[in-house]
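Next comes data.txt, a file with compact mmCIF, C-alpha atoms.
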# COMPACT_ATOMS: atom_id res chain seq x y z
CA MET A 1 -6.56 1.55 14.05
CA PRO A 2 -8.46 -0.72 11.60
CA ARG A 3 -7.00 -1.82 8.29
CA LEU A 4 -7.98 0.08 5.20
CA ALA A 5 -10.32 -1.26 2.57
CA PHE A 6 -8.50 -2.07 -0.67
CA SER A 7 -10.58 0.63 -2.37
CA ASP A 8 -9.07 3.24 -0.01
CA TRP A 9 -5.60 2.80 -1.52
CA THR A 10 -4.34 4.69 -4.57
CA ALA A 11 -1.85 3.37 -7.13
CA GLU A 12 1.34 5.14 -8.17
CA GLN A 13 2.46 2.66 -10.82
CA PHE A 14 2.40 -0.97 -11.98
CA ARG A 15 4.90 -3.21 -13.74
CA CYS A 16 4.75 -6.60 -15.46
CA THR A 17 8.05 -8.24 -16.38
CA ALA A 18 8.64 -11.31 -18.52
CA PHE A 19 12.11 -12.85 -18.44
CA ILE A 20 12.59 -14.62 -21.76
CA LEU A 21 14.77 -17.55 -22.70
CA HIS A 22 15.88 -16.42 -26.13
CA GLY A 23 16.32 -13.07 -27.81
CA SER A 24 13.37 -11.59 -29.70
CA ALA A 25 13.55 -9.40 -32.81
CA LEU A 26 10.20 -7.82 -31.89
CA THR A 27 10.70 -4.28 -30.61
CA ALA A 28 8.80 -2.19 -28.07
CA ASP A 29 6.84 -0.22 -30.67
CA TYR A 30 5.59 -3.51 -32.17
CA TRP A 31 4.23 -4.67 -28.82
CA TRP A 32 2.75 -1.26 -27.92
CA THR A 33 0.94 -0.94 -31.24
CA LYS A 34 -0.36 -4.50 -31.15
CA LEU A 35 -1.73 -4.18 -27.62
CA ALA A 36 -3.18 -0.65 -27.89
CA ASP A 37 -4.25 -0.90 -31.55
CA ALA A 38 -2.69 2.53 -32.06
CA ASP A 39 0.74 4.06 -32.54
CA PRO A 40 2.79 5.09 -29.50
CA GLU A 41 3.66 8.74 -28.94
CA GLU A 42 7.38 8.17 -28.43
CA VAL A 43 9.75 5.43 -29.60
CA THR A 44 13.45 5.14 -28.75
CA SER A 45 15.95 2.42 -29.51
CA ASN A 46 19.56 1.48 -28.90
CA PRO A 47 20.57 -1.12 -31.48
CA ARG A 48 24.02 -1.58 -29.93
CA LEU A 49 22.44 -2.73 -26.65
CA GLY A 50 19.45 -4.37 -28.31
CA ALA A 51 17.08 -2.16 -26.29
CA SER A 52 13.94 -0.23 -27.25
CA GLN A 53 11.11 1.68 -25.58
CA ALA A 54 7.65 2.84 -26.62
CA VAL A 55 5.42 5.25 -24.68
CA GLY A 56 1.88 6.49 -25.16
CA LYS A 57 -1.29 7.49 -23.37
CA TYR A 58 -3.39 4.56 -22.22
CA GLU A 59 -6.09 4.95 -19.59
CA PRO A 60 -5.72 5.56 -16.73
CA GLY A 61 -2.23 6.93 -17.41
CA LYS A 62 0.70 6.25 -19.73
CA LEU A 63 1.72 2.83 -20.94
CA VAL A 64 5.44 2.15 -21.34
CA VAL A 65 6.99 -1.01 -22.78
CA THR A 66 10.73 -1.65 -22.83
CA THR A 67 12.61 -4.51 -24.42
CA GLN A 68 16.18 -5.60 -23.81
CA PRO A 69 18.03 -8.89 -24.14
CA GLY A 70 16.41 -11.36 -21.78
CA ARG A 71 13.38 -9.35 -20.64
CA ILE A 72 10.32 -7.32 -21.60
CA ASP A 73 8.76 -4.83 -19.17
CA TRP A 74 5.34 -3.20 -19.20
CA PHE A 75 4.69 -0.15 -17.00
CA LEU A 76 1.51 1.80 -16.30
CA VAL A 77 2.44 5.19 -14.84
CA PRO A 78 0.65 8.49 -14.20
CA ASP A 79 0.37 10.99 -17.02
CA MET A 80 2.50 13.70 -15.42
CA ALA A 81 1.37 17.31 -15.51
CA GLU A 82 3.44 19.75 -17.53
CA THR A 83 5.61 22.30 -15.74
CA VAL A 84 3.65 25.52 -15.14
CA PRO A 85 4.43 28.93 -13.61
CA ILE A 86 2.90 29.15 -10.11
CA GLN A 87 3.77 32.73 -9.05
CA GLY A 88 4.01 32.04 -5.34
CA GLN A 89 0.87 29.95 -4.96
CA VAL A 90 0.16 26.25 -5.31
CA PRO A 91 -1.68 25.55 -8.58
CA PRO A 92 -5.10 24.02 -7.85
CA GLY A 93 -5.33 20.26 -8.28
CA LEU A 94 -1.59 19.55 -8.04
CA ALA A 95 -0.85 16.60 -5.76
CA ALA A 96 1.24 13.46 -5.67
CA PRO A 97 0.92 11.81 -9.12
CA THR A 98 -1.22 8.66 -9.06
CA LEU A 99 -3.21 6.41 -11.36
CA GLY A 100 -6.23 6.82 -9.10
CA CYS A 101 -8.14 4.26 -7.05
CA ALA A 102 -6.26 0.99 -6.54
CA VAL A 103 -9.24 -1.14 -7.58
CA GLU A 104 -9.80 0.39 -11.01
CA SER A 105 -6.13 0.90 -11.86
CA PHE A 106 -5.15 -2.60 -10.68
CA ASN A 107 -7.95 -4.04 -12.82
CA ALA A 108 -6.83 -1.98 -15.83
CA PHE A 109 -3.24 -3.16 -15.56
CA SER A 110 -4.25 -6.76 -15.01
CA ASP A 111 -6.22 -6.57 -18.27
CA ILE A 112 -3.12 -5.23 -20.04
CA SER A 113 -0.96 -8.07 -18.71
CA ARG A 114 -3.47 -10.76 -19.64
CA LYS A 115 -4.01 -9.32 -23.12
CA TRP A 116 -0.28 -9.35 -23.86
CA LEU A 117 0.30 -12.85 -22.48
CA ALA A 118 -2.46 -14.15 -24.74
CA PHE A 119 -0.60 -13.11 -27.91
CA GLU A 120 0.55 -16.11 -29.92
CA ASP A 121 3.89 -14.54 -30.86
CA ILE A 122 5.23 -13.78 -27.37
CA PRO A 123 8.68 -15.33 -26.85
CA GLN A 124 9.43 -18.22 -24.50
CA VAL A 125 8.96 -16.99 -20.93
CA ASN A 126 11.06 -18.33 -18.07
CA ARG A 127 9.84 -16.04 -15.27
CA LEU A 128 6.98 -13.61 -14.68
CA ALA A 129 6.81 -10.72 -12.20
CA LEU A 130 4.05 -8.32 -11.21
CA GLY A 131 5.00 -5.18 -9.32
CA GLY A 132 3.28 -2.07 -8.06
CA VAL A 133 3.50 0.91 -5.72
CA LEU A 134 0.39 1.76 -3.73
CA THR A 135 -0.18 4.51 -1.17
CA HIS A 136 -2.75 5.83 1.26
CA PRO A 137 -2.66 9.54 2.21
CA GLU A 138 -2.49 10.11 5.95
CA GLU A 139 -3.29 13.12 8.13
CA ASP A 140 0.31 13.38 9.29
CA ARG A 141 3.43 11.29 9.91
CA ARG A 142 2.31 10.22 13.40
CA THR A 143 -0.98 8.85 12.05
CA ALA A 144 0.88 6.92 9.36
CA TYR A 145 3.19 5.34 11.94
CA LEU A 146 0.26 4.41 14.17
CA ARG A 147 -1.28 2.55 11.21
CA LEU A 148 1.86 0.54 10.40
CA PRO A 149 1.39 -2.24 13.03
CA GLU A 150 -1.81 -3.26 11.25
CA TYR A 151 0.34 -4.26 8.27
CA VAL A 152 3.79 -5.24 9.57
CA PRO A 153 4.67 -7.26 12.72
CA VAL A 154 6.68 -4.42 14.26
CA LYS A 155 5.78 -2.01 17.03
CA VAL A 156 6.86 1.40 15.79
CA ASP A 157 7.27 4.53 17.90
CA PRO A 158 4.95 7.10 16.24
CA GLU A 159 7.67 9.71 16.68
CA SER A 160 10.06 7.65 14.54
CA THR A 161 11.32 8.54 11.08
CA ASP A 162 12.88 6.73 8.12
CA PHE A 163 11.04 3.44 8.68
CA LEU A 164 11.44 0.68 6.08
CA TYR A 165 10.24 -2.92 6.42
CA GLN A 166 10.90 -5.50 3.69
CA ILE A 167 10.04 -9.18 3.62
CA ASN A 168 9.58 -12.03 1.16
CA LEU A 169 6.95 -14.67 1.84
CA PRO A 170 7.66 -17.46 -0.68
CA THR A 171 4.95 -20.00 -1.34
CA GLN A 172 4.33 -22.88 -3.72
CA SER A 173 2.17 -22.03 -6.70
CA ARG A 174 -1.31 -23.51 -6.59
CA LEU A 175 -1.04 -24.37 -10.29
CA ASP A 176 -0.08 -27.81 -11.53
CA ILE A 177 3.44 -26.75 -12.60
CA THR A 178 6.21 -28.78 -11.00
CA GLY A 179 8.74 -26.71 -9.06
CA LEU A 180 7.00 -23.35 -9.48
CA LEU A 181 7.63 -21.18 -6.41
CA ILE A 182 6.08 -17.73 -5.97
CA ASN A 183 7.99 -14.95 -4.20
CA ARG A 184 5.74 -12.47 -2.39
CA LEU A 185 7.97 -9.49 -1.72
CA SER A 186 6.68 -6.30 -0.11
CA LYS A 187 8.30 -3.11 1.20
CA TRP A 188 6.45 -0.93 3.72
CA SER A 189 7.30 2.67 4.54
CA VAL A 190 5.94 6.14 5.22
CA SER A 191 6.55 8.53 2.33
CA MET A 192 6.40 12.27 1.81
CA PHE A 193 5.48 14.08 -1.40
CA LYS A 194 6.49 17.73 -1.45
CA LEU A 195 5.83 20.25 -4.19
CA VAL A 196 8.84 22.47 -4.84
CA ALA A 197 8.90 25.51 -7.11
CA MET A 198 12.18 26.30 -8.86
CA SER A 199 13.20 29.72 -10.14
CA MET A 200 15.67 29.70 -13.00
CA GLN A 201 15.90 33.49 -13.37
CA GLY A 202 19.25 34.63 -12.14
CA GLU A 203 20.24 32.79 -8.96
CA LEU A 204 18.74 29.32 -8.54
CA THR A 205 16.16 29.35 -5.73
CA SER A 206 13.39 27.06 -4.62
CA GLN A 207 10.17 27.34 -2.64
CA SER A 208 8.38 24.50 -0.85
CA PHE A 209 4.57 24.27 -0.70
CA GLY A 210 3.95 21.74 2.04
CA ALA A 211 3.86 17.97 1.89
CA THR A 212 1.56 14.96 1.60
CA ILE A 213 2.27 12.07 3.99
CA SER A 214 1.31 8.56 2.89
CA LEU A 215 1.53 4.95 3.98
CA ARG A 216 3.40 3.29 1.12
CA CYS A 217 3.67 -0.33 -0.01
CA GLU A 218 5.76 -1.60 -2.89
CA ILE A 219 5.00 -5.13 -4.06
CA ASP A 220 6.99 -7.47 -6.29
CA ILE A 221 5.27 -10.82 -6.81
CA ASN A 222 7.31 -13.11 -9.04
CA THR A 223 8.00 -16.67 -10.03
CA ALA A 224 11.30 -17.73 -8.44
CA GLN A 225 14.46 -17.98 -10.53
CA GLU A 226 14.97 -21.58 -9.38
CA PHE A 227 12.42 -22.62 -11.99
CA HIS A 228 14.23 -23.81 -15.11
CA GLY A 229 12.92 -23.97 -18.63
CA GLU A 230 9.87 -22.41 -20.26
CA LEU A 231 6.69 -21.58 -18.40
CA PRO A 232 3.83 -23.27 -20.28
CA LYS A 233 2.27 -20.74 -22.65
CA ASP A 234 -1.20 -22.05 -21.96
CA GLN A 235 -0.66 -21.31 -18.25
CA LEU A 236 0.79 -17.78 -18.47
CA ILE A 237 -2.52 -16.03 -17.86
CA LYS A 238 -3.25 -18.31 -14.90
CA ILE A 239 0.19 -17.53 -13.49
CA VAL A 240 -0.25 -13.76 -13.76
CA ASN A 241 -3.71 -14.12 -12.20
CA GLU A 242 -2.10 -15.87 -9.24
CA LEU A 243 0.53 -13.12 -8.93
CA ASP A 244 -2.27 -10.55 -9.10
CA GLU A 245 -4.20 -12.28 -6.31
CA TYR A 246 -1.17 -12.43 -4.02
CA GLY A 247 -0.38 -8.76 -4.69
CA ARG A 248 -3.87 -7.61 -3.79
CA GLY A 249 -3.79 -9.80 -0.70
CA LEU A 250 -0.61 -8.15 0.57
CA ILE A 251 -2.07 -4.68 0.16
CA ALA A 252 -5.34 -5.62 1.83
CA ASN A 253 -3.95 -7.72 4.69
CA GLY A 254 -0.30 -6.76 5.11
CA VAL A 255 2.18 -9.22 6.57
CA ALA A 256 1.42 -8.74 10.27
CA GLN A 257 -0.71 -11.89 10.46
CA GLN A 258 1.29 -14.07 8.07

Please re-express this file's structure in structure tokens.
Amino acid sequence: MPRLAFSDWTAEQFRCTAFILHGSALTADYWWTKLADADPEEVTSNPRLGASQAVGKYEPGKLVVTTQPGRIDWFLVPDMAETVPIQGQVPPGLAAPTLGCAVESFNAFSDISRKWLAFEDIPQVNRLALGGVLTHPEEDRRTAYLRLPEYVPVKVDPESTDFLYQINLPTQSRLDITGLLINRLSKWSVSMFKLVAMSMQGELTSQSFGATISLRCEIDINTAQEFHGELPKDQLIKIVNELDEYGRGLIANGVAQQ
């Protein structure tokens, strides 16, 4: 079974994490507003823990930024549908929540990451990480398991269940930064999305409406924690571009031939 084109994958979510050397007084709503040039829809904070979160619509989904001591996280997630009455039938158009095609959504999130890292007032960054969850819908579980050997170096019985393969492929950064190692972590599995209707009238009951089977890959491409000190600010965009390239390469080529 041939490998999929990168454009055949869909994206469930993306994440960009910056581990910072010193605390920052700038909160999540500040970063969200500055990047989106608009106010977020929701803002929460916990002064005791020094944590905050801002959420708002940002194509192609919802943009979430969280701050806590030592790190700042950006997430791009699907804009989830509201709960609706279904009266025994599956509502049209309901499926596993995604951001859409991997190409467009990956590009959109990469633009978000680069825009933020270009701000002059970002704190000192010690580590960067780029993560994502990407899937490809399959006809059934057997088909998904038959596709797995194209991506992982394991022969899997197509009648198997509960498969999970995880590996890190560390490599030296191609940038001229002494001691910078890149971790290329990926997790491969077969997932199931099932729509369940819940009735809250009287006795709690539920009704299942079938399932969507997908090949699933979770990536986490990050600069290794062995690097000490501040990553050069003038190299941050180049670093995230390198993480981006390695992430796309894992999705397109898997780890079977590494």

Of A:Lys233, A:Arg141, A:His228, A:Arg174, the one nearest to Ser214 of chain A when counting all atoms listed in the file is A:Arg141

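Of the listed residues A:Pro78, A:Gln166, A:Ile112, A:Ala54, the one whose atoms come nearest to Val154 of chain A is A:Gln166, with distances taken using all atoms listed in the file.
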
inquiry  = Calculated over all atoms listed in the file, which of the candidates A:Arg248, A:Arg15, A:Arg114, A:Pro97 has the smallest distance to Thr66 of chain A?
reply    =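 Looking only at the distances to Thr66 of chain A, the closest residue turns out to be A:Arg15.
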
Among A:Glu230, A:Asp73, A:Glu120, A:Asp244, Ala18 of chain A is approached most closely, using only C-alpha atoms, by A:Asp73

Exercise. Counting all atoms listed in the file, find the residues whose atoms lie at most 6 Å from (5.4, -10.0, -8.2) (file coordinates) and write them out as a ChimeraX atom specification.
Key: /A:129-131,220-222,243

Between atom CA of Glu12 of chain A and atom CA of Val133 of chain A, what is the distance, to one decimal in Å?
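So the two atoms, atom CA of Glu12 of chain A and atom CA of Val133 of chain A, lie 5.3 Å apart.
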
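With all atoms listed in the file as the basis for measurement, A:Ala224 is the residue among A:Ala224, A:Phe75, A:Thr44, A:Asp140 that approaches Pro170 of chain A most closely.
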
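Each of A:Ser189, A:Thr10, A:Ser173, A:Gln225 was checked against Glu104 of chain A using all atoms listed in the file; the smallest atom-to-atom distance is that of A:Thr10.
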
Problem - Long-range neighbours of His136 of chain A as JSON, numbers by chain, 12 Å cut-off, all atoms listed in the file, 3 positions minimum in chain - result: {"A": [3, 4, 5, 6, 7, 8, 9, 10, 11, 12, 96, 98, 100, 101, 102, 133, 139, 140, 141, 143, 144, 147, 148, 188, 189, 190, 191, 192, 193, 212, 213, 214, 215, 216, 217, 251, 252]}

Q: Quick one: pull the distance between atom CA of His22 of chain A and atom CA of Asn126 of chain A, Å, one decimal.
A: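 One can read the atom CA of His22 of chain A to atom CA of Asn126 of chain A distance as 9.6 Å.
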
As JSON, please report the centre and edge lengths, rounded to one decimal in Å, of the axis-aligned box that holds all listed atoms of segment 216-234 of chain A with 3 Å of padding on each of the six sides.
{"center_x": 6.9, "center_y": -10.3, "center_z": -10.8, "size_x": 22.2, "size_y": 33.3, "size_z": 29.8}

Trp31 of chain A surroundings by only C-alpha atoms, 12 Å radius, close-in-sequence under 2 positions cut, as a PyMOL selection string:
chain A and resi 24-29+33-40+43+52-56+63-67+72-74+112-113+115-117+119+121-123

Enter the distance from atom CA of Ala108 of chain A to atom CA of Glu59 of chain A, in Å, rounded to one decimal.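 Computed distance, atom CA of Ala108 of chain A to atom CA of Glu59 of chain A, equals 7.9 Å.
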
- Residues near Tyr145 of chain A, cut-off 8 Å, all atoms listed in the file, skip fewer than 3 positions along chain, as a PyMOL selection string: chain A and resi 141-142+148-149+156-160+190

I need the residues from that last selection saved to file as a PDB file, in the coordinates of the input (with C-alpha atoms), if you can.
ATOM      1  CA  ARG A 141       3.430  11.290   9.910  1.00  0.00           C
ATOM      2  CA  ARG A 142       2.310  10.220  13.400  1.00  0.00           C
ATOM      3  CA  LEU A 148       1.860   0.540  10.400  1.00  0.00           C
ATOM      4  CA  PRO A 149       1.390  -2.240  13.030  1.00  0.00           C
ATOM      5  CA  VAL A 156       6.860   1.400  15.790  1.00  0.00           C
ATOM      6  CA  ASP A 157       7.270   4.530  17.900  1.00  0.00           C
ATOM      7  CA  PRO A 158       4.950   7.100  16.240  1.00  0.00           C
ATOM      8  CA  GLU A 159       7.670   9.710  16.680  1.00  0.00           C
ATOM      9  CA  SER A 160      10.060   7.650  14.540  1.00  0.00           C
ATOM     10  CA  VAL A 190       5.940   6.140   5.220  1.00  0.00           C
TER      11      VAL A 190
END

Write out N, CA and C atoms for segment 100-121 of chain A, as a PDB file, in the frame of the given file.
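Result written to result27.pdb:
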ATOM      1  N   GLY A 100      -4.884   6.804  -9.636  1.00  0.00           N
ATOM      2  CA  GLY A 100      -6.230   6.820  -9.100  1.00  0.00           C
ATOM      3  C   GLY A 100      -6.479   5.649  -8.167  1.00  0.00           C
ATOM      4  N   CYS A 101      -7.733   5.319  -7.987  1.00  0.00           N
ATOM      5  CA  CYS A 101      -8.140   4.260  -7.050  1.00  0.00           C
ATOM      6  C   CYS A 101      -7.457   2.942  -7.387  1.00  0.00           C
ATOM      7  N   ALA A 102      -6.983   2.245  -6.347  1.00  0.00           N
ATOM      8  CA  ALA A 102      -6.260   0.990  -6.540  1.00  0.00           C
ATOM      9  C   ALA A 102      -7.100  -0.052  -7.260  1.00  0.00           C
ATOM     10  N   VAL A 103      -8.385  -0.110  -6.983  1.00  0.00           N
ATOM     11  CA  VAL A 103      -9.240  -1.140  -7.580  1.00  0.00           C
ATOM     12  C   VAL A 103      -9.288  -1.000  -9.092  1.00  0.00           C
ATOM     13  N   GLU A 104      -9.661   0.195  -9.575  1.00  0.00           N
ATOM     14  CA  GLU A 104      -9.800   0.390 -11.010  1.00  0.00           C
ATOM     15  C   GLU A 104      -8.466   0.300 -11.738  1.00  0.00           C
ATOM     16  N   SER A 105      -7.426   0.908 -11.168  1.00  0.00           N
ATOM     17  CA  SER A 105      -6.130   0.900 -11.860  1.00  0.00           C
ATOM     18  C   SER A 105      -5.493  -0.484 -11.838  1.00  0.00           C
ATOM     19  N   PHE A 106      -5.660  -1.227 -10.738  1.00  0.00           N
ATOM     20  CA  PHE A 106      -5.150  -2.600 -10.680  1.00  0.00           C
ATOM     21  C   PHE A 106      -5.867  -3.454 -11.729  1.00  0.00           C
ATOM     22  N   ASN A 107      -7.186  -3.288 -11.822  1.00  0.00           N
ATOM     23  CA  ASN A 107      -7.950  -4.040 -12.820  1.00  0.00           C
ATOM     24  C   ASN A 107      -7.492  -3.701 -14.238  1.00  0.00           C
ATOM     25  N   ALA A 108      -7.249  -2.399 -14.491  1.00  0.00           N
ATOM     26  CA  ALA A 108      -6.830  -1.980 -15.830  1.00  0.00           C
ATOM     27  C   ALA A 108      -5.489  -2.595 -16.189  1.00  0.00           C
ATOM     28  N   PHE A 109      -4.546  -2.605 -15.242  1.00  0.00           N
ATOM     29  CA  PHE A 109      -3.240  -3.160 -15.560  1.00  0.00           C
ATOM     30  C   PHE A 109      -3.280  -4.674 -15.684  1.00  0.00           C
ATOM     31  N   SER A 110      -4.093  -5.316 -14.892  1.00  0.00           N
ATOM     32  CA  SER A 110      -4.250  -6.760 -15.010  1.00  0.00           C
ATOM     33  C   SER A 110      -4.778  -7.130 -16.398  1.00  0.00           C
ATOM     34  N   ASP A 111      -5.702  -6.330 -16.921  1.00  0.00           N
ATOM     35  CA  ASP A 111      -6.220  -6.570 -18.270  1.00  0.00           C
ATOM     36  C   ASP A 111      -5.120  -6.420 -19.313  1.00  0.00           C
ATOM     37  N   ILE A 112      -4.243  -5.421 -19.129  1.00  0.00           N
ATOM     38  CA  ILE A 112      -3.120  -5.230 -20.040  1.00  0.00           C
ATOM     39  C   ILE A 112      -2.212  -6.451 -20.036  1.00  0.00           C
ATOM     40  N   SER A 113      -1.867  -6.923 -18.837  1.00  0.00           N
ATOM     41  CA  SER A 113      -0.960  -8.070 -18.710  1.00  0.00           C
ATOM     42  C   SER A 113      -1.559  -9.316 -19.352  1.00  0.00           C
ATOM     43  N   ARG A 114      -2.831  -9.571 -19.074  1.00  0.00           N
ATOM     44  CA  ARG A 114      -3.470 -10.760 -19.640  1.00  0.00           C
ATOM     45  C   ARG A 114      -3.581 -10.675 -21.160  1.00  0.00           C
ATOM     46  N   LYS A 115      -3.880  -9.484 -21.666  1.00  0.00           N
ATOM     47  CA  LYS A 115      -4.010  -9.320 -23.120  1.00  0.00           C
ATOM     48  C   LYS A 115      -2.683  -9.621 -23.802  1.00  0.00           C
ATOM     49  N   TRP A 116      -1.572  -9.110 -23.242  1.00  0.00           N
ATOM     50  CA  TRP A 116      -0.280  -9.350 -23.860  1.00  0.00           C
ATOM     51  C   TRP A 116       0.118 -10.823 -23.791  1.00  0.00           C
ATOM     52  N   LEU A 117      -0.096 -11.446 -22.643  1.00  0.00           N
ATOM     53  CA  LEU A 117       0.300 -12.850 -22.480  1.00  0.00           C
ATOM     54  C   LEU A 117      -0.529 -13.800 -23.333  1.00  0.00           C
ATOM     55  N   ALA A 118      -1.639 -13.315 -23.871  1.00  0.00           N
ATOM     56  CA  ALA A 118      -2.460 -14.150 -24.740  1.00  0.00           C
ATOM     57  C   ALA A 118      -2.005 -14.106 -26.193  1.00  0.00           C
ATOM     58  N   PHE A 119      -1.083 -13.187 -26.537  1.00  0.00           N
ATOM     59  CA  PHE A 119      -0.600 -13.110 -27.910  1.00  0.00           C
ATOM     60  C   PHE A 119       0.147 -14.399 -28.271  1.00  0.00           C
ATOM     61  N   GLU A 120      -0.084 -14.866 -29.485  1.00  0.00           N
ATOM     62  CA  GLU A 120       0.550 -16.110 -29.920  1.00  0.00           C
ATOM     63  C   GLU A 120       2.041 -15.954 -30.188  1.00  0.00           C
ATOM     64  N   ASP A 121       2.489 -14.720 -30.463  1.00  0.00           N
ATOM     65  CA  ASP A 121       3.890 -14.540 -30.860  1.00  0.00           C
ATOM     66  C   ASP A 121       4.778 -14.043 -29.719  1.00  0.00           C
TER      67      ASP A 121
END
